[in-house]
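File shown: model-v3.txt. Contents: compact mmCIF, C-alpha atoms.
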```txt
# COMPACT_ATOMS: atom_id res chain seq x y z
CA MET Y 1 -36.03 -28.54 24.71
CA ASN Y 2 -34.98 -28.04 21.17
CA GLU Y 3 -32.26 -30.58 20.55
CA ARG Y 4 -30.60 -28.52 17.89
CA ASN Y 5 -29.80 -25.89 20.43
CA ARG Y 6 -27.79 -28.15 22.60
CA PRO Y 7 -24.40 -29.01 21.28
CA GLU Y 8 -22.84 -25.79 20.05
CA GLU Y 9 -24.69 -23.23 22.10
CA ALA Y 10 -23.69 -24.96 25.28
CA MET Y 11 -20.04 -24.68 24.35
CA PRO Y 12 -18.19 -21.64 25.64
CA GLU Y 13 -16.88 -19.59 22.74
CA GLU Y 14 -13.17 -19.75 22.24
CA PRO Y 15 -11.35 -16.53 21.44
CA LEU Y 16 -10.63 -16.20 17.73
CA ASN Y 17 -7.08 -16.50 16.46
CA ILE Y 18 -5.72 -13.86 14.09
CA GLU Y 19 -6.85 -15.68 10.93
CA GLU Y 20 -10.37 -16.20 12.28
CA LEU Y 21 -10.56 -12.64 13.52
CA ALA Y 22 -9.41 -11.30 10.16
CA GLY Y 23 -11.78 -13.55 8.22
CA GLU Y 24 -14.83 -12.61 10.28
CA TYR Y 25 -13.82 -8.94 10.25
CA VAL Y 26 -13.81 -8.90 6.46
CA LEU Y 27 -16.89 -11.11 6.27
CA GLY Y 28 -18.63 -8.64 8.57
CA THR Y 29 -19.75 -11.04 11.30
CA LEU Y 30 -17.78 -9.65 14.25
CA ASN Y 31 -19.82 -7.87 16.90
CA ASN Y 32 -19.27 -4.14 17.29
CA ASP Y 33 -16.77 -4.48 20.12
CA LEU Y 34 -14.57 -6.94 18.28
CA ARG Y 35 -14.93 -4.98 15.07
CA ASP Y 36 -13.71 -1.81 16.79
CA GLN Y 37 -10.90 -3.74 18.43
CA VAL Y 38 -9.68 -5.05 15.08
CA ARG Y 39 -9.83 -1.57 13.61
CA GLN Y 40 -7.74 -0.21 16.46
CA ARG Y 41 -5.22 -3.04 16.26
CA LEU Y 42 -4.75 -2.89 12.48
CA PRO Y 43 -2.30 0.03 12.37
CA HIS Y 44 -0.04 -1.63 14.94
CA GLU Y 45 -0.20 -5.31 14.04
CA PRO Y 46 1.33 -6.24 10.70
CA ALA Y 47 0.27 -9.90 11.00
CA LEU Y 48 -3.36 -9.00 11.55
CA ARG Y 49 -3.22 -6.45 8.76
CA ALA Y 50 -1.74 -8.99 6.36
CA ALA Y 51 -4.45 -11.50 7.28
CA VAL Y 52 -7.18 -8.89 6.74
CA ASP Y 53 -5.68 -7.87 3.39
CA ALA Y 54 -5.59 -11.52 2.30
CA TRP Y 55 -9.25 -12.00 3.24
CA GLU Y 56 -10.27 -8.83 1.44
CA ALA Y 57 -8.57 -10.15 -1.68
CA ARG Y 58 -10.10 -13.64 -1.34
CA LEU Y 59 -13.69 -12.47 -0.99
CA LEU Y 60 -13.51 -9.46 -3.28
CA PRO Y 61 -14.76 -11.24 -6.44
CA LEU Y 62 -18.10 -11.78 -4.72
CA ALA Y 63 -18.59 -8.04 -4.23
CA GLN Y 64 -17.21 -7.02 -7.61
CA ARG Y 65 -19.55 -9.18 -9.66
CA GLN Y 66 -22.78 -7.65 -8.42
CA ALA Y 67 -24.80 -6.04 -11.19
CA PRO Y 68 -24.40 -2.24 -11.06
CA VAL Y 69 -27.26 -0.09 -9.75
CA GLN Y 70 -27.68 3.21 -11.59
CA PRO Y 71 -26.98 6.06 -9.15
CA SER Y 72 -29.38 9.00 -9.19
CA ALA Y 73 -28.36 11.87 -11.45
CA GLY Y 74 -27.27 14.21 -8.65
CA LEU Y 75 -25.02 11.87 -6.70
CA TRP Y 76 -21.76 12.86 -8.34
CA GLN Y 77 -22.54 16.58 -7.91
CA ARG Y 78 -23.29 15.90 -4.26
CA ILE Y 79 -19.94 14.16 -3.84
CA GLU Y 80 -18.18 17.05 -5.56
CA ARG Y 81 -19.82 19.60 -3.28
CA SER Y 82 -18.59 17.67 -0.28
CA LEU Y 83 -15.05 17.81 -1.64
CA ASP Y 84 -15.35 21.60 -1.58
CA GLY Y 85 -16.39 21.69 2.02
CA ALA Y 86 -15.34 19.85 5.10
CA ALA Y 87 -13.15 17.27 3.42
CA PRO Y 88 -9.48 17.73 4.20
CA GLN Y 89 -7.14 18.10 1.28
CA PRO Y 90 -5.66 14.91 -0.03
CA ILE Y 91 -1.94 14.39 0.35
CA PRO Y 92 -0.36 14.97 -3.04
CA ILE Y 93 3.21 14.05 -3.83
CA TRP Y 94 4.75 15.30 -0.66
CA TRP Y 95 7.19 17.86 -1.93
CA ASN Y 96 4.41 19.70 -3.76
CA ARG Y 97 2.03 19.78 -0.86
CA VAL Y 98 1.17 23.22 0.44
CA GLY Y 99 -1.49 22.49 3.07
CA LEU Y 100 0.66 20.22 5.16
CA TRP Y 101 3.47 22.72 5.15
CA ARG Y 102 1.34 25.35 6.81
CA THR Y 103 0.89 22.96 9.71
CA LEU Y 104 4.50 21.92 9.58
CA ALA Y 105 5.71 25.48 9.54
CA GLY Y 106 3.95 25.98 12.86
CA ALA Y 107 5.35 22.75 14.28
CA GLY Y 108 8.79 23.62 12.95
CA LEU Y 109 8.65 27.09 14.44
CA ALA Y 110 7.60 25.71 17.80
CA ALA Y 111 10.40 23.17 17.70
CA THR Y 112 12.86 25.85 16.69
CA LEU Y 113 11.93 27.97 19.64
CA VAL Y 114 12.16 25.07 22.07
CA LEU Y 115 15.36 23.62 20.71
CA GLY Y 116 16.81 27.05 20.13
CA ALA Y 117 16.22 27.89 23.77
CA MET Y 118 17.93 24.65 24.72
CA LEU Y 119 20.84 25.47 22.46
CA LEU Y 120 21.35 28.77 24.19
CA ASN Y 121 22.41 26.73 27.18
CA VAL Y 122 24.52 24.09 25.50
CA SER Y 123 25.80 25.48 22.24
CA ARG Y 124 28.74 27.21 23.78
CA VAL Y 125 30.43 23.85 24.19
CA ALA Y 126 28.85 21.59 21.58
CA THR Y 127 29.03 21.91 17.83
CA ALA Y 128 25.91 23.89 17.10
CA PRO Y 129 23.41 22.35 14.73
CA THR Y 130 22.52 24.82 12.05
CA TYR Y 131 19.22 23.25 11.01
CA VAL Y 132 16.47 21.43 12.83
CA VAL Y 133 13.60 19.43 11.36
CA VAL Y 134 10.67 17.96 13.24
CA LEU Y 135 9.13 15.05 11.35
CA ILE Y 136 5.45 14.58 12.09
CA GLY Y 137 2.89 11.94 11.10
CA PRO Y 138 0.73 13.21 8.22
CA GLN Y 139 -2.45 11.84 9.79
CA ASP Y 140 -2.17 12.59 13.50
CA LYS Y 141 0.33 15.46 13.16
CA ALA Y 142 2.24 13.99 16.10
CA PRO Y 143 6.01 14.52 16.07
CA GLY Y 144 7.91 11.25 15.65
CA TRP Y 145 11.49 12.17 14.79
CA VAL Y 146 13.82 15.13 14.99
CA VAL Y 147 16.59 15.82 12.49
CA GLN Y 148 19.46 18.02 13.43
CA ALA Y 149 22.12 19.03 10.99
CA ASN Y 150 25.41 20.70 11.62
CA ALA Y 151 27.77 22.65 9.47
CA ARG Y 152 29.88 19.59 8.68
CA GLN Y 153 27.17 18.25 6.43
CA GLU Y 154 26.17 15.42 8.66
CA ILE Y 155 22.70 15.00 10.03
CA GLN Y 156 21.36 13.06 12.97
CA LEU Y 157 17.92 11.51 12.79
CA ILE Y 158 16.66 11.06 16.33
CA PRO Y 159 13.50 9.10 17.22
CA LEU Y 160 11.20 10.72 19.76
CA HIS Y 161 9.59 7.42 20.65
CA ASP Y 162 9.50 3.77 19.65
CA SER Y 163 7.65 2.87 16.50
CA GLU Y 164 7.29 -0.29 14.49
CA VAL Y 165 6.88 -1.20 10.87
CA PRO Y 166 5.56 -4.42 9.35
CA ALA Y 167 8.15 -7.21 9.29
CA ASP Y 168 8.44 -7.16 5.51
CA ARG Y 169 8.77 -3.38 5.21
CA SER Y 170 11.37 -0.74 5.93
CA LEU Y 171 11.42 2.95 6.71
CA GLN Y 172 13.29 4.89 4.06
CA PHE Y 173 14.61 8.38 4.65
CA TRP Y 174 14.42 11.02 1.90
CA THR Y 175 15.23 14.65 1.39
CA LYS Y 176 14.55 17.27 -1.22
CA ALA Y 177 15.49 20.93 -1.44
CA ASP Y 178 13.08 23.32 -3.12
CA SER Y 179 15.14 23.56 -6.30
CA TRP Y 180 15.63 19.80 -6.77
CA GLN Y 181 13.59 17.83 -9.27
CA GLY Y 182 12.79 15.02 -6.85
CA PRO Y 183 13.71 13.56 -3.51
CA VAL Y 184 17.00 11.76 -2.84
CA SER Y 185 17.24 8.68 -0.65
CA LEU Y 186 19.27 8.97 2.54
CA GLY Y 187 18.95 5.24 3.17
CA LEU Y 188 16.95 2.86 5.31
CA VAL Y 189 16.23 3.61 8.92
CA GLN Y 190 15.49 1.29 11.86
CA PRO Y 191 12.35 2.34 13.72
CA GLY Y 192 13.16 3.86 17.08
CA GLN Y 193 16.93 4.01 16.42
CA ARG Y 194 19.06 7.06 16.09
CA VAL Y 195 21.07 7.30 12.88
CA GLU Y 196 23.72 9.61 11.52
CA VAL Y 197 23.80 10.30 7.82
CA PRO Y 198 26.64 12.02 5.97
CA LEU Y 199 25.44 14.54 3.41
CA ASP Y 200 28.78 15.00 1.71
CA LYS Y 201 27.44 13.82 -1.66
CA LEU Y 202 24.68 16.41 -1.59
CA PRO Y 203 24.58 20.18 -1.93
CA PRO Y 204 24.65 22.11 1.38
CA LEU Y 205 21.48 21.99 3.42
CA GLU Y 206 18.99 24.72 2.70
CA ASN Y 207 16.32 26.41 4.67
CA ASN Y 208 12.94 24.72 3.97
CA GLN Y 209 14.63 21.54 2.75
CA LEU Y 210 12.16 18.69 3.04
CA PHE Y 211 12.71 15.41 4.85
CA GLU Y 212 10.42 12.42 5.06
CA LEU Y 213 10.25 8.78 6.06
CA THR Y 214 8.17 6.47 3.88
CA LEU Y 215 7.18 2.85 4.24
CA GLU Y 216 8.94 0.87 1.53
CA PRO Y 217 9.76 -2.74 0.65
CA ARG Y 218 12.24 -4.36 3.00
CA ASN Y 219 15.24 -3.47 0.84
CA GLY Y 220 14.02 0.01 0.03
CA SER Y 221 12.17 1.55 -2.87
CA THR Y 222 12.93 -0.21 -6.11
CA THR Y 223 12.28 2.89 -8.21
CA GLY Y 224 14.68 5.25 -6.47
CA LYS Y 225 11.73 7.45 -5.49
CA PRO Y 226 9.30 7.15 -2.58
CA THR Y 227 6.57 4.64 -3.43
CA GLY Y 228 4.93 3.87 -0.10
CA PRO Y 229 2.85 5.94 2.28
CA ILE Y 230 4.46 8.80 4.17
CA GLN Y 231 5.05 7.97 7.81
CA PHE Y 232 6.74 11.20 8.91
CA ILE Y 233 7.49 14.46 7.17
CA GLY Y 234 9.02 17.84 8.00
CA ARG Y 235 11.04 20.76 6.69
CA ALA Y 236 14.33 22.23 7.77
CA VAL Y 237 14.37 25.39 9.84
CA LYS Y 238 17.57 27.35 10.27
CA VAL Y 239 18.38 27.65 13.94
CA ILE Y 240 21.50 29.75 14.04
CA MET L 1 -20.42 22.69 -9.92
CA ALA L 2 -21.57 21.36 -13.24
CA ASN L 3 -20.14 18.11 -14.34
CA PRO L 4 -17.36 19.20 -16.71
CA CYS L 5 -17.12 15.82 -18.37
CA ALA L 6 -20.81 15.23 -19.02
CA TRP L 7 -20.48 15.89 -22.71
CA SER L 8 -17.45 13.73 -23.25
CA THR L 9 -19.02 11.02 -21.11
CA LEU L 10 -22.06 10.95 -23.34
CA ARG L 11 -19.95 10.83 -26.43
CA SER L 12 -17.88 7.95 -25.21
CA GLU L 13 -20.80 5.85 -24.00
CA PRO L 14 -20.62 3.15 -26.72
CA PHE L 15 -16.91 2.92 -26.14
CA ARG L 16 -17.36 2.52 -22.42
CA PHE L 17 -20.06 -0.08 -22.94
CA HIS L 18 -17.65 -2.05 -25.00
CA LEU L 19 -15.02 -1.78 -22.29
CA ARG L 20 -17.42 -2.95 -19.65
CA TRP L 21 -18.08 -6.12 -21.60
CA ARG L 22 -14.45 -6.69 -22.11
CA SER L 23 -13.80 -6.39 -18.39
CA VAL L 24 -16.67 -8.73 -17.60
CA LEU L 25 -15.18 -11.26 -19.94
CA SER L 26 -11.89 -10.99 -18.09
CA LEU L 27 -9.87 -9.81 -21.05
CA PRO L 28 -6.56 -8.56 -19.77
CA GLU L 29 -6.44 -5.14 -21.41
CA ASN L 30 -8.97 -3.18 -19.38
CA PRO L 31 -7.49 0.27 -19.99
CA PHE L 32 -8.80 1.98 -16.86
CA ASP L 33 -5.91 2.23 -14.44
CA TYR L 34 -7.26 2.32 -10.88
CA ASP L 35 -3.84 2.87 -9.34
CA LEU L 36 -3.24 5.84 -11.60
CA ALA L 37 -6.66 7.26 -10.74
CA LEU L 38 -5.95 6.99 -7.01
CA GLN L 39 -2.60 8.71 -7.52
CA GLY L 40 -4.53 11.45 -9.34
CA CYS L 41 -6.89 11.78 -6.37
CA ALA L 42 -3.91 12.03 -4.04
CA ARG L 43 -2.66 14.96 -6.13
CA GLY L 44 -6.07 16.65 -5.88
CA ASP L 45 -7.24 15.84 -9.42
CA ARG L 46 -11.03 15.61 -9.32
CA ARG L 47 -11.24 14.15 -12.79
CA ALA L 48 -9.43 11.12 -11.41
CA LEU L 49 -12.07 10.69 -8.73
CA GLN L 50 -14.78 11.20 -11.31
CA GLY L 51 -13.21 8.48 -13.43
CA LEU L 52 -13.41 6.10 -10.49
CA TYR L 53 -17.01 7.12 -9.92
CA GLU L 54 -17.93 6.53 -13.55
CA HIS L 55 -16.27 3.14 -13.58
CA GLU L 56 -17.33 1.80 -10.21
CA GLY L 57 -20.04 4.06 -8.77
CA GLY L 58 -22.83 1.76 -9.94
CA ARG L 59 -21.20 -1.38 -8.60
CA LEU L 60 -20.32 0.24 -5.30
CA LEU L 61 -23.90 1.42 -5.03
CA ALA L 62 -25.04 -2.16 -5.62
CA VAL L 63 -22.73 -3.40 -2.85
CA ALA L 64 -23.99 -0.76 -0.40
CA LYS L 65 -27.64 -1.19 -1.36
CA ARG L 66 -27.58 -4.90 -0.81
CA ILE L 67 -26.21 -4.33 2.70
CA VAL L 68 -28.28 -1.34 3.85
CA GLY L 69 -31.39 -2.34 1.88
CA ASP L 70 -32.38 1.13 0.68
CA THR L 71 -31.25 3.07 -2.37
CA ALA L 72 -31.21 6.55 -0.82
CA LEU L 73 -29.27 5.31 2.18
CA ALA L 74 -26.93 3.38 -0.11
CA GLU L 75 -26.25 6.60 -2.02
CA ASP L 76 -25.32 8.25 1.28
CA ILE L 77 -22.85 5.42 1.86
CA VAL L 78 -21.38 5.77 -1.65
CA HIS L 79 -21.15 9.52 -1.13
CA ASP L 80 -19.22 8.99 2.11
CA ALA L 81 -17.10 6.33 0.45
CA PHE L 82 -16.00 8.65 -2.37
CA VAL L 83 -15.23 11.47 0.05
CA ARG L 84 -13.13 9.00 2.02
CA ILE L 85 -11.45 7.67 -1.13
CA TRP L 86 -10.61 11.29 -1.98
CA THR L 87 -9.21 12.21 1.41
CA ARG L 88 -7.37 8.92 1.96
CA ALA L 89 -6.10 8.30 -1.56
CA ALA L 90 -2.57 9.25 -0.55
CA SER L 91 -2.57 6.65 2.20
CA PHE L 92 -3.59 3.83 -0.15
CA ASP L 93 -0.75 1.33 -0.20
CA PRO L 94 -0.64 -0.73 -3.42
CA GLN L 95 1.37 -3.42 -1.67
CA ARG L 96 -1.60 -4.19 0.56
CA GLY L 97 -4.03 -4.96 -2.25
CA SER L 98 -5.51 -3.77 -5.51
CA ALA L 99 -6.71 -0.20 -5.91
CA ARG L 100 -10.03 -1.45 -7.21
CA GLY L 101 -10.40 -3.77 -4.25
CA TRP L 102 -9.76 -0.85 -1.92
CA LEU L 103 -12.77 1.03 -3.32
CA PHE L 104 -14.99 -1.96 -2.59
CA SER L 105 -13.47 -2.49 0.81
CA VAL L 106 -13.99 1.16 1.85
CA THR L 107 -17.60 1.07 0.67
CA ARG L 108 -18.44 -2.29 2.21
CA HIS L 109 -17.06 -1.39 5.60
CA LEU L 110 -18.93 1.93 5.64
CA ALA L 111 -22.15 0.06 4.84
CA LEU L 112 -21.40 -2.58 7.48
CA ASN L 113 -20.70 0.12 10.06
CA HIS L 114 -24.08 1.59 9.29
CA VAL L 115 -26.12 -1.58 9.64
CA ARG L 116 -24.27 -2.56 12.81
CA ARG L 117 -25.09 0.76 14.41
CA HIS L 118 -28.58 1.40 13.06
CA ALA L 119 -31.68 -0.63 12.51
CA ARG L 120 -32.02 -1.95 8.99
CA LEU L 121 -34.59 -0.05 6.94
CA GLN L 122 -35.71 -3.15 5.13
CA PRO L 123 -36.91 -6.04 7.25
CA LEU L 124 -35.06 -9.26 6.60
CA ALA L 125 -38.25 -11.07 5.63
CA ASP L 126 -38.53 -8.93 2.52
CA GLN L 127 -35.60 -10.63 0.93
CA ASP L 128 -36.06 -14.24 0.12
CA LEU L 129 -33.41 -16.80 -0.25
CA ASP L 130 -33.53 -16.71 -4.03
CA ALA L 131 -32.24 -13.16 -3.99
CA MET L 132 -29.09 -14.36 -2.27
CA VAL L 133 -27.81 -16.28 -5.23
CA VAL L 134 -24.81 -14.55 -6.73
CA ASP L 135 -25.95 -12.39 -9.58
CA GLU L 136 -23.64 -13.30 -12.38
CA PRO L 137 -22.50 -16.72 -13.48
CA ALA L 138 -19.03 -17.52 -12.31
CA SER L 139 -17.64 -17.85 -15.80
CA LEU L 140 -18.37 -14.18 -16.47
CA ALA L 141 -17.17 -12.86 -13.16
CA ILE L 142 -13.92 -11.02 -12.84
CA GLY L 143 -11.30 -13.19 -11.21
CA GLY L 144 -13.92 -15.18 -9.39
CA ALA L 145 -13.22 -18.67 -10.66
CA HIS L 146 -10.93 -19.47 -7.77
CA ILE L 147 -13.34 -18.59 -5.00
CA ASP L 148 -16.27 -20.19 -6.82
CA GLY L 149 -14.49 -23.51 -7.07
CA CYS L 150 -13.79 -23.39 -3.35
CA LEU L 151 -17.28 -22.21 -2.40
CA GLU L 152 -18.75 -25.10 -4.35
CA GLN L 153 -17.01 -27.50 -2.02
CA LEU L 154 -19.05 -26.14 0.90
CA GLU L 155 -22.51 -27.43 1.69
CA PRO L 156 -25.11 -25.11 0.12
CA THR L 157 -26.48 -23.89 3.45
CA ARG L 158 -23.04 -23.07 4.75
CA ARG L 159 -22.26 -21.30 1.51
CA GLN L 160 -25.44 -19.28 1.99
CA CYS L 161 -24.18 -18.22 5.42
CA LEU L 162 -21.12 -16.68 3.80
CA TYR L 163 -23.22 -14.93 1.13
CA HIS L 164 -25.59 -13.58 3.76
CA ALA L 165 -22.68 -12.27 5.79
CA TYR L 166 -20.49 -10.89 3.03
CA LEU L 167 -23.04 -9.68 0.49
CA ASP L 168 -26.03 -8.87 2.69
CA GLY L 169 -24.07 -7.73 5.71
CA TYR L 170 -26.07 -9.98 8.02
CA SER L 171 -24.86 -10.57 11.56
CA HIS L 172 -24.62 -14.09 13.03
CA ALA L 173 -28.01 -13.56 14.69
CA GLU L 174 -29.65 -12.35 11.49
CA ILE L 175 -28.33 -15.35 9.57
CA ALA L 176 -29.55 -17.69 12.31
CA HIS L 177 -32.98 -16.08 12.11
CA LYS L 178 -33.01 -16.17 8.34
CA LEU L 179 -32.02 -19.82 8.09
CA ASP L 180 -33.97 -20.83 11.19
CA THR L 181 -30.83 -22.39 12.58
CA PRO L 182 -29.41 -22.08 16.11
CA LEU L 183 -26.99 -19.20 16.56
CA GLY L 184 -24.19 -21.46 17.80
CA THR L 185 -24.53 -23.65 14.74
CA VAL L 186 -24.32 -20.66 12.42
CA LYS L 187 -21.23 -19.37 14.21
CA ALA L 188 -19.56 -22.77 13.97
CA TRP L 189 -20.49 -23.16 10.30
CA ILE L 190 -19.03 -19.78 9.42
CA LYS L 191 -15.87 -20.38 11.36
CA ARG L 192 -15.31 -23.75 9.68
CA SER L 193 -16.32 -22.49 6.25
CA LEU L 194 -13.78 -19.68 6.47
CA ALA L 195 -11.09 -22.14 7.50
CA ALA L 196 -12.02 -24.42 4.57
CA LEU L 197 -12.07 -21.48 2.17
CA ARG L 198 -8.65 -20.36 3.31
CA GLU L 199 -7.30 -23.88 3.00
CA CYS L 200 -8.72 -24.17 -0.52
CA MET L 201 -7.75 -20.71 -1.77
CA GLY L 202 -4.39 -20.40 -0.06
```
Kindly transcribe the structure held in the file into structure tokens.
Amino acid sequence: MNERNRPEEAMPEEPLNIEELAGEYVLGTLNNDLRDQVRQRLPHEPALRAAVDAWEARLLPLAQRQAPVQPSAGLWQRIERSLDGAAPQPIPIWWNRVGLWRTLAGAGLAATLVLGAMLLNVSRVATAPTYVVVLIGPQDKAPGWVVQANARQEIQLIPLHDSEVPADRSLQFWTKADSWQGPVSLGLVQPGQRVEVPLDKLPPLENNQLFELTLEPRNGSTTGKPTGPIQFIGRAVKVI
Amino acid sequence: MANPCAWSTLRSEPFRFHLRWRSVLSLPENPFDYDLALQGCARGDRRALQGLYEHEGGRLLAVAKRIVGDTALAEDIVHDAFVRIWTRAASFDPQRGSARGWLFSVTRHLALNHVRRHARLQPLADQDLDAMVVDEPASLAIGGAHIDGCLEQLEPTRRQCLYHAYLDGYSHAEIAHKLDTPLGTVKAWIKRSLAALRECMG
């Protein structure tokens, strides 16, 4: 028997803690199953994501210092052709983005019909909202929040399900009408919690007015404009 | 589509060469702004993506080639990486890391995915240990002094394990085979080396 094989191979392998998992994920030594698991956990686990980011940053100098290899002459043209084809459009600054709005218009219309139908039953007694917005995730297009706004210039932001953000980040709520230069902050929002926001400092709500939630530093964007990735986005549809 | 910037690229070659040396020497004023270029991509500006390609395409190709072991395949990886950089530029979050690092990370993981799911084109035996030595001296590397100091504190063989894994994309089993060392030993070395590296680098 080969003596070298004895000590460590006989030991059962202990599960990796988050730091070890992140380190070996970035290093590339996880098996396929674990690798896939990490990838699936990353969007939901801020601690794991932070550990992975730290490992990427630690090891990066090793990758960056490799001597360049000259790509073949046609590679850039090949990349460009692929941008023409199957590649989805990138997400530009959200209030200028046309492609997403086509999808959103459909989602908004569907929501209008559903909520409108509901309102037919209840609006006789309640104060009728005049606008509805469904906020959807830009990647999975899944609805996450609904905004309803009534004539008194107050809006309710209602979560459709629980969500979480990294411990050191916050969700910030923004709106922008078509004629405005840029979005205006409506404040920070707790994931999964309903919030009511007065709009008395703003012009009256408009049809097509845009709303979004972005991931920002814990105390909100420091620039007064959205800086982090869009989590949810939608446009106002007049209901009544 | 013809490359619209080919002419200007040619004209600016001496200038760019100069810049490359400045960046290698870690001078602070490297004028290429990776964050700005990614923001350009997110707005659909192809020149921004082309700028990234011109600045990093060769290095990203080197990273991919070292992992997949074949230039044509590595170009496929770089192609996929740039398409992904283009489509995901808007989701890049500068608070999670540098824009430049993100390019490398996207490319490396695509190359790793490939070698984990397909057989390597180049047999391991074709690369000898000498080729695993990091290509540029630490003093010329960009921001690498910190990690080099910490790597030097590891035993050379254990350091090689990390190079094989990170730069060559080798699995535990491939490293064990390469170094003719039991698999369990290699796993333990890597685990401890990562812990030591983290302790040293913070």
Hey, list the chain L side of the contact with chain Y: 7 Å cut-off, all atoms listed in the file, answer as a CSV table (one decimal) with C-alpha atoms, in the frame of the given file.
```
chain,number,residue,atom,x,y,z
L,1,MET,CA,-20.4,22.7,-9.9
L,42,ALA,CA,-3.9,12.0,-4.0
L,43,ARG,CA,-2.7,15.0,-6.1
L,44,GLY,CA,-6.1,16.6,-5.9
L,58,GLY,CA,-22.8,1.8,-9.9
L,59,ARG,CA,-21.2,-1.4,-8.6
L,61,LEU,CA,-23.9,1.4,-5.0
L,62,ALA,CA,-25.0,-2.2,-5.6
L,63,VAL,CA,-22.7,-3.4,-2.8
L,79,HIS,CA,-21.2,9.5,-1.1
L,82,PHE,CA,-16.0,8.6,-2.4
L,83,VAL,CA,-15.2,11.5,0.0
L,86,TRP,CA,-10.6,11.3,-2.0
L,87,THR,CA,-9.2,12.2,1.4
L,88,ARG,CA,-7.4,8.9,2.0
L,89,ALA,CA,-6.1,8.3,-1.6
L,90,ALA,CA,-2.6,9.2,-0.6
L,91,SER,CA,-2.6,6.6,2.2
L,93,ASP,CA,-0.8,1.3,-0.2
L,96,ARG,CA,-1.6,-4.2,0.6
L,97,GLY,CA,-4.0,-5.0,-2.2
L,101,GLY,CA,-10.4,-3.8,-4.2
L,112,LEU,CA,-21.4,-2.6,7.5
L,116,ARG,CA,-24.3,-2.6,12.8
L,135,ASP,CA,-26.0,-12.4,-9.6
L,136,GLU,CA,-23.6,-13.3,-12.4
L,141,ALA,CA,-17.2,-12.9,-13.2
L,142,ILE,CA,-13.9,-11.0,-12.8
L,143,GLY,CA,-11.3,-13.2,-11.2
L,144,GLY,CA,-13.9,-15.2,-9.4
L,147,ILE,CA,-13.3,-18.6,-5.0
L,165,ALA,CA,-22.7,-12.3,5.8
L,166,TYR,CA,-20.5,-10.9,3.0
L,167,LEU,CA,-23.0,-9.7,0.5
L,169,GLY,CA,-24.1,-7.7,5.7
L,171,SER,CA,-24.9,-10.6,11.6
L,172,HIS,CA,-24.6,-14.1,13.0
L,182,PRO,CA,-29.4,-22.1,16.1
L,184,GLY,CA,-24.2,-21.5,17.8
L,185,THR,CA,-24.5,-23.6,14.7
L,191,LYS,CA,-15.9,-20.4,11.4
L,194,LEU,CA,-13.8,-19.7,6.5
```
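Straight-line separation from atom CA of Val146 of chain Y to atom CA of Val132 of chain Y: 7.2 Å.
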### Task
Would you please work out which residue, of L:Leu36, L:Trp102, L:Asp168, L:Ala81, is nearest to Lys65 of chain L when using all atoms listed in the file?
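Closest to Lys65 of chain L of all the choices is L:Asp168.
If you measure from each of L:Leu103, L:Ile190, L:Cys161, L:Leu154 to His177 of chain L using only C-alpha atoms, the closest one turns out to be L:Cys161.
Taking atom CA of Ile233 of chain Y and atom CA of Pro43 of chain Y as endpoints, the distance between them is 18.2 Å.
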### Query
Any idea what the distance is between atom CA of Ser170 of chain Y and atom CA of Gln209 of chain Y?
22.7 Å
### Message
When you count all atoms listed in the file, which of these residues is closest to Leu157 of chain Y: Y:Leu171, Y:Ala177, Y:Val195, Y:Val134?
### Response
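Of Y:Leu171, Y:Ala177, Y:Val195, Y:Val134, the one nearest Leu157 of chain Y, counting all atoms listed in the file, is Y:Val195.
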### Message
Which residues are close to Leu135 of chain Y, i.e. within 6 Å by only C-alpha atoms, leaving aside same-chain residues fewer than 4 positions away? Reply as a list in words.
### Response
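Counting only the stated atoms, we get Pro143, Gly144, Trp145, Val146, Phe232, Ile233 and Gly234 of chain Y.
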### Message
Env of Asn208 of chain Y: 7 Å cut, atoms = all atoms listed in the file, seq-sep filter 5 positions within chain, self excluded. Answer as a list in words.
### Response
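Listed by chain and then number, they are Arg235, Ala236 and Val237 of chain Y.
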Please produce a file of the residues just selected, as a compact mmCIF listing (two decimals), keeping the file's coordinate frame, where the atoms kept are C-alpha atoms.
```
# COMPACT_ATOMS: atom_id res chain seq x y z
CA ARG Y 235 11.04 20.76 6.69
CA ALA Y 236 14.33 22.23 7.77
CA VAL Y 237 14.37 25.39 9.84
```
### Residue among Y:Ile158, Y:Val147, Y:Ala167, Y:Leu34 lying closest to Pro46 of chain Y, counting all atoms listed in the file
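Distance minimum relative to Pro46 of chain Y lands on Y:Ala167.
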### Message
Considering only C-alpha atoms, can you say which of Y:Glu154, Y:Glu212, Y:Glu14, Y:Asp200 comes closest to Val133 of chain Y?
### Response
Y:Glu212
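Remark: for Arg108 of chain L, the closest of the candidate residues L:Val68, L:Ala173, L:Leu183, L:Cys150 is L:Val68 (distances computed over all atoms listed in the file).
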